[in-house]
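Report on the following structure.
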Amino acid sequence: MGLLSEGLGLDTDRLKNSVCFDARMMIGHYYPRCPQTDLTVGIASHTDPGGLTVLLQDHIGGLQIKHQGEWMDVKPVHGT
């Protein structure tokens with residue numbers, strides 16, 4: 001967390017002190033491409049567990065965040 005904090009330009013202990021990292025877990029979700037997009041169902045609104053989420057997002061996207069009470073699409077950025 002110290003290296004991640006520094007990489008983000010924060011004080012070394014910033015993330016370690018602001019999020020609970022006493023337990024470690026890994027959860028994986030995989031959503032294969034559905035040829036019939038009208039049948040596609042994502043998962044219910046949720047908060048990712050833990051202090052760090054790694055997301056591999058393709059050109060199609062689908063990630064949303066809730067900002068000021070409204071759901072907003074997060075546009076994929078090529079190469080990230």
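Letters A, B, ... go to the chains of the structure tokens in the order shown; residues in each chain start at 1; ligands are counted from 1 in the same order.
Contact shell of Leu55 in chain A at 12 Å (only C-alpha atoms; same-chain neighbours under 6 positions omitted): Ile27, Gly28, His29, Tyr30, Asp48, Gly61, Gly62, Leu63, Gln64, Val74, Pro76, Val77 and Thr80 of chain A.
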Mind writing the picked residues with N, CA and C atoms as a PDB file, in the first residue's frame?
```pdb
ATOM      1  N   ILE A  27     -11.537 -11.887  -4.954  1.00  0.00           N
ATOM      2  CA  ILE A  27     -12.804 -12.286  -5.554  1.00  0.00           C
ATOM      3  C   ILE A  27     -12.702 -12.013  -7.044  1.00  0.00           C
ATOM      4  N   GLY A  28     -13.140 -12.943  -7.857  1.00  0.00           N
ATOM      5  CA  GLY A  28     -13.078 -12.752  -9.294  1.00  0.00           C
ATOM      6  C   GLY A  28     -14.460 -12.854  -9.927  1.00  0.00           C
ATOM      7  N   HIS A  29     -14.717 -11.991 -10.872  1.00  0.00           N
ATOM      8  CA  HIS A  29     -15.950 -12.046 -11.664  1.00  0.00           C
ATOM      9  C   HIS A  29     -15.542 -12.102 -13.129  1.00  0.00           C
ATOM     10  N   TYR A  30     -16.224 -12.912 -13.890  1.00  0.00           N
ATOM     11  CA  TYR A  30     -15.961 -13.010 -15.316  1.00  0.00           C
ATOM     12  C   TYR A  30     -17.294 -12.953 -16.051  1.00  0.00           C
ATOM     13  N   ASP A  48     -17.531  -2.916  -4.038  1.00  0.00           N
ATOM     14  CA  ASP A  48     -16.478  -3.917  -4.046  1.00  0.00           C
ATOM     15  C   ASP A  48     -15.870  -4.034  -2.662  1.00  0.00           C
ATOM     16  N   GLY A  61     -16.955  -1.867 -22.365  1.00  0.00           N
ATOM     17  CA  GLY A  61     -17.235  -1.179 -21.106  1.00  0.00           C
ATOM     18  C   GLY A  61     -18.304  -1.878 -20.305  1.00  0.00           C
ATOM     19  N   GLY A  62     -19.008  -1.115 -19.509  1.00  0.00           N
ATOM     20  CA  GLY A  62     -20.053  -1.664 -18.658  1.00  0.00           C
ATOM     21  C   GLY A  62     -19.891  -1.250 -17.205  1.00  0.00           C
ATOM     22  N   LEU A  63     -18.706  -0.743 -16.846  1.00  0.00           N
ATOM     23  CA  LEU A  63     -18.487  -0.304 -15.482  1.00  0.00           C
ATOM     24  C   LEU A  63     -19.240   0.997 -15.235  1.00  0.00           C
ATOM     25  N   GLN A  64     -19.907   1.066 -14.088  1.00  0.00           N
ATOM     26  CA  GLN A  64     -20.595   2.292 -13.676  1.00  0.00           C
ATOM     27  C   GLN A  64     -20.206   2.619 -12.241  1.00  0.00           C
ATOM     28  N   VAL A  74     -18.464   4.590 -16.826  1.00  0.00           N
ATOM     29  CA  VAL A  74     -17.025   4.884 -16.846  1.00  0.00           C
ATOM     30  C   VAL A  74     -16.527   4.436 -18.202  1.00  0.00           C
ATOM     31  N   PRO A  76     -14.149   3.287 -21.084  1.00  0.00           N
ATOM     32  CA  PRO A  76     -12.853   2.615 -21.150  1.00  0.00           C
ATOM     33  C   PRO A  76     -11.805   3.541 -21.765  1.00  0.00           C
ATOM     34  N   VAL A  77     -10.592   3.496 -21.230  1.00  0.00           N
ATOM     35  CA  VAL A  77      -9.480   4.272 -21.757  1.00  0.00           C
ATOM     36  C   VAL A  77      -8.493   3.297 -22.372  1.00  0.00           C
ATOM     37  N   THR A  80      -5.138   1.282 -20.801  1.00  0.00           N
ATOM     38  CA  THR A  80      -5.031   1.336 -19.336  1.00  0.00           C
ATOM     39  C   THR A  80      -5.558   0.059 -18.713  1.00  0.00           C
TER      40      THR A  80
END
```
TODO: Can you check which residues of chain A DSSP gives as helix (DSSP H, G or I) on the backbone and send them as a PyMOL selection string?
DONE: chain A and resi 2-7+14-18+37-39
Task: Distance in Å - CA of Val54 in chain A versus CA of Asp38 in chain A - done: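 Distance reported for this atom pair: 27.1 Å.
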Open item on the list: Which residues are near Val41 in chain A? Cut-off 12 Å, only C-alpha atoms, ignore same chain within fewer than 5 positions. Put them as a PyMOL selection string.
Closed with: chain A and resi 31-34+36+62
TODO: Find the distance between CA of Asp58 in chain A and CA of His78 in chain A and write it in Å to one decimal.
DONE: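 Spanning CA of Asp58 in chain A to CA of His78 in chain A is a straight-line distance of 8.5 Å.
Closest approach to Ser18 in chain A among A:His46, A:Met72, A:Leu52, A:Leu39: A:Leu52, based on only C-alpha atoms.
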TODO: Apply DSSP to the backbone of this structure and, from range 13-79 of chain A, keep only the residues in strand (DSSP E); write these as a VMD selection string.
DONE: chain A and resid 64 to 67 70 to 73
Would you output that residue set with N, CA and C atoms, as a PDB file, in the first residue's frame?
```pdb
ATOM      1  N   GLN A  64     -19.907   1.066 -14.088  1.00  0.00           N
ATOM      2  CA  GLN A  64     -20.595   2.292 -13.676  1.00  0.00           C
ATOM      3  C   GLN A  64     -20.206   2.619 -12.241  1.00  0.00           C
ATOM      4  N   ILE A  65     -20.245   3.907 -11.936  1.00  0.00           N
ATOM      5  CA  ILE A  65     -20.048   4.358 -10.563  1.00  0.00           C
ATOM      6  C   ILE A  65     -21.247   5.197 -10.163  1.00  0.00           C
ATOM      7  N   LYS A  66     -21.502   5.249  -8.874  1.00  0.00           N
ATOM      8  CA  LYS A  66     -22.578   6.090  -8.370  1.00  0.00           C
ATOM      9  C   LYS A  66     -21.954   7.365  -7.840  1.00  0.00           C
ATOM     10  N   HIS A  67     -22.305   8.483  -8.459  1.00  0.00           N
ATOM     11  CA  HIS A  67     -21.738   9.785  -8.109  1.00  0.00           C
ATOM     12  C   HIS A  67     -22.871  10.760  -7.824  1.00  0.00           C
ATOM     13  N   GLU A  70     -26.352   9.464  -8.635  1.00  0.00           N
ATOM     14  CA  GLU A  70     -26.669   9.090 -10.019  1.00  0.00           C
ATOM     15  C   GLU A  70     -25.650   8.077 -10.535  1.00  0.00           C
ATOM     16  N   TRP A  71     -26.118   7.088 -11.312  1.00  0.00           N
ATOM     17  CA  TRP A  71     -25.217   6.123 -11.927  1.00  0.00           C
ATOM     18  C   TRP A  71     -24.618   6.725 -13.186  1.00  0.00           C
ATOM     19  N   MET A  72     -23.307   6.606 -13.310  1.00  0.00           N
ATOM     20  CA  MET A  72     -22.589   7.154 -14.458  1.00  0.00           C
ATOM     21  C   MET A  72     -21.722   6.070 -15.088  1.00  0.00           C
ATOM     22  N   ASP A  73     -21.699   6.017 -16.423  1.00  0.00           N
ATOM     23  CA  ASP A  73     -20.816   5.086 -17.131  1.00  0.00           C
ATOM     24  C   ASP A  73     -19.373   5.548 -16.998  1.00  0.00           C
TER      25      ASP A  73
END
```
